[in-house]
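Taking it in order: structure first as structure tokens, then the write-up.
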Amino acid sequence: MSQIFNKNRRTKKNSKTPKEIIWENKEKNDLQLNLFIKVFAKLIWIILNVFRYILYPFCDFKIGLLYSDKIGRFLGNTEFYLRKKSLTKNKKYKFHFLIAGKTINQQILKMISREVFLIHNIPFYNFLNEIKKMTLDSNLWIDLNITGWLRGKDWTGAKPQLRFTLNEEKKGEKILKDLGLNKNDKFVCIFAKDSFYSDDPSKAPAPNSFWAKKDFRNCNIENYMKAVEFLNKKNIYVIRMGLHKPEQILKTTNSKIIDYTGKIRSNLQDADFADAYLPAKCEFFLGCTSATYQFASIFNKPVAYTNMIPYGESGRTFHDICIFKKCLDKYNNKILPISQAIKNGIIGDWLTEEKILDLEKKEIFFLENSPDEILDLTKEMYQRLNNTWETKDDEIMLQEKFLEITNLYDSDGEKFPGKIGYNFLKKNENLLL
């Protein structure tokens with residue numbers, strides 16, 4: 001059975017990843033209505049279902065509540081829905097409309113509204129959201145709780161669904177010019193999640209909170225600087241992305257290193273637009289286990305993933321490459337092979353607070369990728385994109401061995417489309433024992 005998809009776990013007709021199951025269960029347990037409002041909400045739900053039943057012979061009437069207040073779920077989940085909808089061959093007209101509440105990026109919301117009927121109203125969203133929690137398995141609701149991760153051709157088989165208008169393209173070109181780039185200059189976006197990051201950009205985690213100090217996704221931006229220097233030598237600009245003022249500002253006078261999130265973003269009139277435009281136009285995105293990379297991924301830009309963990313966090317498309325954090329057993333002072341890490345519960349696509357604390361009790365901790373590992377990954381991505389990568393004799397063998405150990409397949413049972421960094425596997429063959 002796949003590490004990610006358990007065929008016994010289904011909501012409607014969609015198998016769920018561990019992360020998606022956690023989200024779904026949280027929704028079911030997060031109902032906050034008093035008895036009177038519950039009765040009223042149930043009545044509204046019945047009316048909506050009667051309306052759906054009347055329309056059913058003519059069209060498929062459904063309502064979708066966007067997870068517009070969380071980066072990853074807003075970007076990836078919505079794009080997956082749009083891609084899958086574009087591939088649907090069902091001739092019945094789809095009368096779908098989406099509703100958004102609090103929204104982390106107005107530019108993305110605007111682009112979504114060009115593709116589907118969309119209502120942006122926070123009170124209306126909040127009310128319907130409470131009804132949805134009571135009736136989560138109803139066919140009335142569009143299932144927007146699917147990330148698109150490892151969903152095979154439902155993701156890779158469709159083109160990006162969001163587009164910039166001509167005026168927005170001109171606006172974006174001006175932003176690049178203001179950042180010091182000429183029209184034909186190439187650039188790479190980078191991001192390293194620190195303890196100041198939150199899935200909700202308006203609500204930074206408390207400095208001493210669990211998810212500030214012990215988030216398995218945290219990593220150090222300094223470890224990316226060797227890769228940045230390599231790109232600069234190739235005459236490629238590097239733009240550091242992020243929605244928060246970071247923990248550490250980049251101290252550099254190099255005009256080809258632009259600390260967008262640290263020095264520029266807070267002064268922009270329309271930062272939401274720049275947040276979306278820059279990753280959509282980069283050569284590739286160099287990031288980590290954090291949803292910020294999705295600003296690039298939804299536009300099919302290649303992603304070089306660093307510091308990924310657990311092992312279900314892998315590339316979405318065939319041009320993605322990833323490397324993982326290593327697991328250190330402090331009790332024995334040894335790096336765990338991937339098979340042993342999986343036996344200790346480092347599987348799926350998410351680690352809960354309970355799992356992280358359990359690993360700490362076992363003296364198992366994560367080691368960030370080193371500057372040289374990130375440099376190797378960056379060089380490989382650069383060479384592959386420029387058709388200068390020389391295929392190695394043992395490249396396929398190492399990839400197959402990784403796949404055999406991790407049992408990492410997509411929802412259709414096919415191999416996941418991305419690659420693991422060759423040098424990472426070659427230099428760490430002990431991980432594949």
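Just so we're on the same page: first chain in the structure tokens is A, next is B, and so on; residues restart at 1 for each chain, and ligands are numbered from 1 in the order they show up.
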
Quick check for you: according to DSSP on this backbone, which residues of segment 228-400 of chain A are classed as alpha helix (DSSP H)? Reply as an NGL selection string. :A and (228-233 or 271-281 or 294-297 or 338-343 or 353-361 or 371-385 or 395-400)

Pull C-alpha atoms from the residues just selected and write them as a PDB file, in the first residue's frame.
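That gives us again01.pdb:
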```pdb
ATOM      1  CA  VAL A 228      22.948  32.049  -4.434  1.00  0.00           C
ATOM      2  CA  GLU A 229      26.599  32.767  -5.269  1.00  0.00           C
ATOM      3  CA  PHE A 230      26.557  30.026  -7.925  1.00  0.00           C
ATOM      4  CA  LEU A 231      23.483  31.535  -9.564  1.00  0.00           C
ATOM      5  CA  ASN A 232      24.973  35.035  -9.477  1.00  0.00           C
ATOM      6  CA  LYS A 233      28.071  33.742 -11.282  1.00  0.00           C
ATOM      7  CA  ALA A 271       2.656  43.578  -2.208  1.00  0.00           C
ATOM      8  CA  ASP A 272       0.008  40.940  -2.953  1.00  0.00           C
ATOM      9  CA  PHE A 273       0.599  41.457  -6.662  1.00  0.00           C
ATOM     10  CA  ALA A 274       4.380  41.184  -6.367  1.00  0.00           C
ATOM     11  CA  ASP A 275       4.035  38.089  -4.158  1.00  0.00           C
ATOM     12  CA  ALA A 276       2.182  36.387  -7.011  1.00  0.00           C
ATOM     13  CA  TYR A 277       3.983  37.856 -10.029  1.00  0.00           C
ATOM     14  CA  LEU A 278       7.627  37.272  -9.126  1.00  0.00           C
ATOM     15  CA  PRO A 279       7.435  33.477  -8.520  1.00  0.00           C
ATOM     16  CA  ALA A 280       5.222  33.126 -11.605  1.00  0.00           C
ATOM     17  CA  LYS A 281       8.022  34.560 -13.759  1.00  0.00           C
ATOM     18  CA  GLN A 294       3.202  27.284  -4.340  1.00  0.00           C
ATOM     19  CA  PHE A 295       3.224  30.793  -5.776  1.00  0.00           C
ATOM     20  CA  ALA A 296       5.574  29.253  -8.368  1.00  0.00           C
ATOM     21  CA  SER A 297       4.117  25.758  -8.527  1.00  0.00           C
ATOM     22  CA  ILE A 338      15.222   6.304   5.454  1.00  0.00           C
ATOM     23  CA  SER A 339      13.693   2.878   6.130  1.00  0.00           C
ATOM     24  CA  GLN A 340      14.348   3.285   9.871  1.00  0.00           C
ATOM     25  CA  ALA A 341      13.029   6.843   9.861  1.00  0.00           C
ATOM     26  CA  ILE A 342       9.815   5.599   8.245  1.00  0.00           C
ATOM     27  CA  LYS A 343       9.483   2.883  10.899  1.00  0.00           C
ATOM     28  CA  GLU A 353       2.853  18.137  17.351  1.00  0.00           C
ATOM     29  CA  GLU A 354       2.354  14.747  19.029  1.00  0.00           C
ATOM     30  CA  LYS A 355       4.580  13.021  16.464  1.00  0.00           C
ATOM     31  CA  ILE A 356       7.351  15.621  16.821  1.00  0.00           C
ATOM     32  CA  LEU A 357       7.323  15.256  20.618  1.00  0.00           C
ATOM     33  CA  ASP A 358       7.336  11.469  20.261  1.00  0.00           C
ATOM     34  CA  LEU A 359      10.427  11.693  18.049  1.00  0.00           C
ATOM     35  CA  GLU A 360      12.124  13.921  20.626  1.00  0.00           C
ATOM     36  CA  LYS A 361      11.481  11.320  23.311  1.00  0.00           C
ATOM     37  CA  PRO A 371      25.128  24.610   2.082  1.00  0.00           C
ATOM     38  CA  ASP A 372      26.896  22.079  -0.176  1.00  0.00           C
ATOM     39  CA  GLU A 373      23.775  19.897  -0.467  1.00  0.00           C
ATOM     40  CA  ILE A 374      21.674  22.906  -1.437  1.00  0.00           C
ATOM     41  CA  LEU A 375      24.390  23.979  -3.893  1.00  0.00           C
ATOM     42  CA  ASP A 376      24.402  20.518  -5.520  1.00  0.00           C
ATOM     43  CA  LEU A 377      20.625  20.626  -5.873  1.00  0.00           C
ATOM     44  CA  THR A 378      20.761  24.105  -7.410  1.00  0.00           C
ATOM     45  CA  LYS A 379      23.449  23.073  -9.899  1.00  0.00           C
ATOM     46  CA  GLU A 380      21.425  20.021 -10.922  1.00  0.00           C
ATOM     47  CA  MET A 381      18.281  22.081 -11.473  1.00  0.00           C
ATOM     48  CA  TYR A 382      20.237  24.677 -13.454  1.00  0.00           C
ATOM     49  CA  GLN A 383      21.854  22.019 -15.646  1.00  0.00           C
ATOM     50  CA  ARG A 384      18.637  20.114 -16.246  1.00  0.00           C
ATOM     51  CA  LEU A 385      16.778  23.259 -17.260  1.00  0.00           C
ATOM     52  CA  GLU A 395      20.985   7.633 -11.604  1.00  0.00           C
ATOM     53  CA  ILE A 396      17.939   5.493 -12.365  1.00  0.00           C
ATOM     54  CA  MET A 397      19.075   2.790  -9.939  1.00  0.00           C
ATOM     55  CA  LEU A 398      19.336   5.271  -7.049  1.00  0.00           C
ATOM     56  CA  GLN A 399      15.922   6.769  -7.830  1.00  0.00           C
ATOM     57  CA  GLU A 400      14.341   3.309  -8.008  1.00  0.00           C
TER      58      GLU A 400
END
```

When you look at segment 219-226 of chain A with a cut-off of 9 Å (counting only C-alpha atoms), what residues show up, excluding the ones that are within fewer than 6 positions of it in the same chain? I need them as a PyMOL selection string. chain A and resi 190-195+248+250+286+288+307+368-372+374-375

Set the distance at 12 Å and use only C-alpha atoms: which residues neighbour Asn428 of chain A once local chain neighbours fewer than 2 positions away are removed? I'd like the list as a PyMOL selection string. chain A and resi 323-326+335-338+369+373+398+402+420-426+430-433

Would you save the residues of that selection, restricted to N, CA, C and O atoms, as an mmCIF file, in the first residue's frame?
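Produced file out_27.cif, reproduced below:
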```
data_model
loop_
_atom_site.group_PDB
_atom_site.id
_atom_site.type_symbol
_atom_site.label_atom_id
_atom_site.label_comp_id
_atom_site.auth_asym_id
_atom_site.auth_seq_id
_atom_site.Cartn_x
_atom_site.Cartn_y
_atom_site.Cartn_z
ATOM 1 N N ILE A 323 15.386 17.332 -2.077
ATOM 2 C CA ILE A 323 16.279 16.666 -1.135
ATOM 3 C C ILE A 323 15.656 16.787 0.257
ATOM 4 O O ILE A 323 14.838 17.684 0.501
ATOM 5 N N PHE A 324 16.041 15.892 1.156
ATOM 6 C CA PHE A 324 15.363 15.778 2.445
ATOM 7 C C PHE A 324 16.264 16.140 3.619
ATOM 8 O O PHE A 324 17.496 16.034 3.538
ATOM 9 N N LYS A 325 15.631 16.540 4.703
ATOM 10 C CA LYS A 325 16.349 16.633 5.962
ATOM 11 C C LYS A 325 16.749 15.218 6.389
ATOM 12 O O LYS A 325 16.026 14.258 6.118
ATOM 13 N N LYS A 326 17.893 15.112 7.049
ATOM 14 C CA LYS A 326 18.318 13.817 7.588
ATOM 15 C C LYS A 326 17.812 13.682 9.020
ATOM 16 O O LYS A 326 17.543 14.678 9.694
ATOM 17 N N ILE A 335 23.104 8.807 11.748
ATOM 18 C CA ILE A 335 22.041 9.203 10.831
ATOM 19 C C ILE A 335 21.202 7.970 10.508
ATOM 20 O O ILE A 335 21.738 6.925 10.124
ATOM 21 N N LEU A 336 19.891 8.089 10.662
ATOM 22 C CA LEU A 336 19.005 6.959 10.393
ATOM 23 C C LEU A 336 18.843 6.739 8.890
ATOM 24 O O LEU A 336 18.631 7.696 8.129
ATOM 25 N N PRO A 337 18.924 5.498 8.423
ATOM 26 C CA PRO A 337 18.489 5.216 7.047
ATOM 27 C C PRO A 337 17.016 5.588 6.898
ATOM 28 O O PRO A 337 16.262 5.596 7.877
ATOM 29 N N ILE A 338 16.603 5.893 5.693
ATOM 30 C CA ILE A 338 15.222 6.304 5.454
ATOM 31 C C ILE A 338 14.239 5.230 5.925
ATOM 32 O O ILE A 338 13.191 5.539 6.503
ATOM 33 N N ASN A 369 19.576 20.574 5.540
ATOM 34 C CA ASN A 369 20.509 20.381 4.445
ATOM 35 C C ASN A 369 21.661 21.360 4.562
ATOM 36 O O ASN A 369 21.471 22.533 4.913
ATOM 37 N N GLU A 373 24.897 20.676 0.057
ATOM 38 C CA GLU A 373 23.775 19.897 -0.467
ATOM 39 C C GLU A 373 22.811 20.782 -1.249
ATOM 40 O O GLU A 373 22.310 20.387 -2.316
ATOM 41 N N LEU A 398 19.487 4.587 -8.329
ATOM 42 C CA LEU A 398 19.336 5.271 -7.049
ATOM 43 C C LEU A 398 17.903 5.770 -6.845
ATOM 44 O O LEU A 398 17.334 5.667 -5.755
ATOM 45 N N PHE A 402 15.267 4.491 -3.912
ATOM 46 C CA PHE A 402 14.544 5.408 -3.043
ATOM 47 C C PHE A 402 13.047 5.116 -3.088
ATOM 48 O O PHE A 402 12.366 5.060 -2.058
ATOM 49 N N ILE A 420 14.598 12.901 -6.941
ATOM 50 C CA ILE A 420 15.427 13.202 -5.781
ATOM 51 C C ILE A 420 16.774 13.638 -6.304
ATOM 52 O O ILE A 420 17.290 13.075 -7.277
ATOM 53 N N GLY A 421 17.375 14.651 -5.700
ATOM 54 C CA GLY A 421 18.660 15.150 -6.162
ATOM 55 C C GLY A 421 19.690 14.032 -6.274
ATOM 56 O O GLY A 421 19.898 13.274 -5.321
ATOM 57 N N TYR A 422 20.317 13.921 -7.443
ATOM 58 C CA TYR A 422 21.243 12.816 -7.676
ATOM 59 C C TYR A 422 22.398 12.822 -6.687
ATOM 60 O O TYR A 422 22.705 11.792 -6.061
ATOM 61 N N ASN A 423 23.072 13.947 -6.537
ATOM 62 C CA ASN A 423 24.240 14.004 -5.655
ATOM 63 C C ASN A 423 23.863 13.748 -4.200
ATOM 64 O O ASN A 423 24.654 13.204 -3.427
ATOM 65 N N PHE A 424 22.643 14.147 -3.822
ATOM 66 C CA PHE A 424 22.180 13.888 -2.462
ATOM 67 C C PHE A 424 22.106 12.387 -2.209
ATOM 68 O O PHE A 424 22.558 11.888 -1.174
ATOM 69 N N LEU A 425 21.541 11.638 -3.168
ATOM 70 C CA LEU A 425 21.460 10.184 -3.016
ATOM 71 C C LEU A 425 22.835 9.537 -3.123
ATOM 72 O O LEU A 425 23.170 8.629 -2.359
ATOM 73 N N LYS A 426 23.645 10.021 -4.074
ATOM 74 C CA LYS A 426 24.960 9.429 -4.306
ATOM 75 C C LYS A 426 25.871 9.600 -3.092
ATOM 76 O O LYS A 426 26.597 8.676 -2.708
ATOM 77 N N ASN A 430 24.054 5.632 2.369
ATOM 78 C CA ASN A 430 23.707 4.967 3.622
ATOM 79 C C ASN A 430 22.236 5.205 3.992
ATOM 80 O O ASN A 430 21.650 4.454 4.769
ATOM 81 N N LEU A 431 21.639 6.271 3.420
ATOM 82 C CA LEU A 431 20.206 6.518 3.655
ATOM 83 C C LEU A 431 19.342 5.448 2.995
ATOM 84 O O LEU A 431 18.188 5.247 3.373
ATOM 85 N N LEU A 432 19.893 4.777 1.987
ATOM 86 C CA LEU A 432 19.127 3.832 1.205
ATOM 87 C C LEU A 432 19.325 2.386 1.652
ATOM 88 O O LEU A 432 18.927 1.442 0.946
ATOM 89 N N LEU A 433 19.922 2.195 2.809
ATOM 90 C CA LEU A 433 20.144 0.837 3.326
ATOM 91 C C LEU A 433 18.819 0.196 3.768
ATOM 92 O O LEU A 433 17.904 0.898 4.193
#
```

Could you check which of A:Asn208, A:Thr135, A:Thr292, A:Ser113 is closest to Leu162 of chain A, using only C-alpha atoms?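 Smallest distance to Leu162 of chain A is found for A:Ser113.
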
Give me the residues within 12 Å of Ser202 of chain A as an mmCIF file with N, CA and C atoms, in the first residue's frame, counting only C-alpha atoms and dropping any in the same chain fewer than 3 places off.
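Output contents, as saved in out-v7.cif:
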```cif
data_model
loop_
_atom_site.group_PDB
_atom_site.id
_atom_site.type_symbol
_atom_site.label_atom_id
_atom_site.label_comp_id
_atom_site.auth_asym_id
_atom_site.auth_seq_id
_atom_site.Cartn_x
_atom_site.Cartn_y
_atom_site.Cartn_z
ATOM 1 N N ASP A 69 -7.617 31.880 3.651
ATOM 2 C CA ASP A 69 -6.833 32.515 4.713
ATOM 3 C C ASP A 69 -5.542 31.756 5.023
ATOM 4 N N LYS A 70 -5.253 30.680 4.258
ATOM 5 C CA LYS A 70 -4.036 29.895 4.446
ATOM 6 C C LYS A 70 -3.298 29.795 3.116
ATOM 7 N N ILE A 71 -2.010 30.017 3.124
ATOM 8 C CA ILE A 71 -1.243 30.108 1.878
ATOM 9 C C ILE A 71 -1.393 28.857 1.019
ATOM 10 N N LYS A 102 -11.884 35.786 4.649
ATOM 11 C CA LYS A 102 -10.601 36.443 4.870
ATOM 12 C C LYS A 102 -9.592 35.875 3.868
ATOM 13 N N THR A 103 -8.849 36.749 3.203
ATOM 14 C CA THR A 103 -8.008 36.321 2.081
ATOM 15 C C THR A 103 -6.579 36.812 2.238
ATOM 16 N N ILE A 104 -5.633 35.893 2.035
ATOM 17 C CA ILE A 104 -4.218 36.249 2.215
ATOM 18 C C ILE A 104 -3.601 36.928 1.003
ATOM 19 N N ASN A 105 -4.221 36.788 -0.173
ATOM 20 C CA ASN A 105 -3.650 37.416 -1.368
ATOM 21 C C ASN A 105 -4.769 37.831 -2.315
ATOM 22 N N PHE A 196 9.562 33.029 12.329
ATOM 23 C CA PHE A 196 8.608 34.134 12.221
ATOM 24 C C PHE A 196 7.458 33.805 11.266
ATOM 25 N N TYR A 197 7.606 32.705 10.536
ATOM 26 C CA TYR A 197 6.622 32.342 9.519
ATOM 27 C C TYR A 197 5.350 31.781 10.157
ATOM 28 N N SER A 198 4.221 32.048 9.505
ATOM 29 C CA SER A 198 2.950 31.457 9.911
ATOM 30 C C SER A 198 2.152 31.150 8.657
ATOM 31 N N ASP A 199 1.322 30.086 8.701
ATOM 32 C CA ASP A 199 0.433 29.797 7.574
ATOM 33 C C ASP A 199 -0.591 30.912 7.387
ATOM 34 N N PRO A 205 3.439 33.494 14.689
ATOM 35 C CA PRO A 205 3.420 32.666 15.903
ATOM 36 C C PRO A 205 4.114 33.369 17.069
ATOM 37 N N LEU A 243 6.187 36.304 2.913
ATOM 38 C CA LEU A 243 5.103 37.228 3.230
ATOM 39 C C LEU A 243 5.316 37.937 4.565
ATOM 40 N N HIS A 244 6.381 37.572 5.282
ATOM 41 C CA HIS A 244 6.635 38.147 6.591
ATOM 42 C C HIS A 244 7.973 38.874 6.607
ATOM 43 N N LYS A 245 8.107 39.791 7.534
ATOM 44 C CA LYS A 245 9.421 40.325 7.849
ATOM 45 C C LYS A 245 10.213 39.167 8.439
#
```

Between atom CA of Asn184 of chain A and atom CA of Gly287 of chain A, what distance in Å does the model show, to one decimal? 23.4 Å

For segment 46-54 of chain A, work out the shell of residues within 12 Å, counting only C-alpha atoms and skipping chain neighbours fewer than 5 positions away, then give it as an MDAnalysis selection string. chainID A and resid 39:41 59:63 94:96 128 131:132 134:135 138:141

Please measure the separation of atom CA of Gln161 of chain A and atom CA of Thr88 of chain A, giving the value in Å to one decimal.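 Result for atom CA of Gln161 of chain A versus atom CA of Thr88 of chain A: 13.8 Å, one decimal.
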
Which distance in Å separates atom CA of Leu118 of chain A and atom CA of Leu98 of chain A, to one decimal? 4.7 Å

Enumerate as a PyMOL selection string all residues of segment 168-397 of chain A assigned to strand (DSSP E) by DSSP on the backbone, naming them with the chain letters and numbers the document uses. chain A and resi 186-190+236-240+257-258+285-287+303-308+321-324+326-329+334-335+364-367
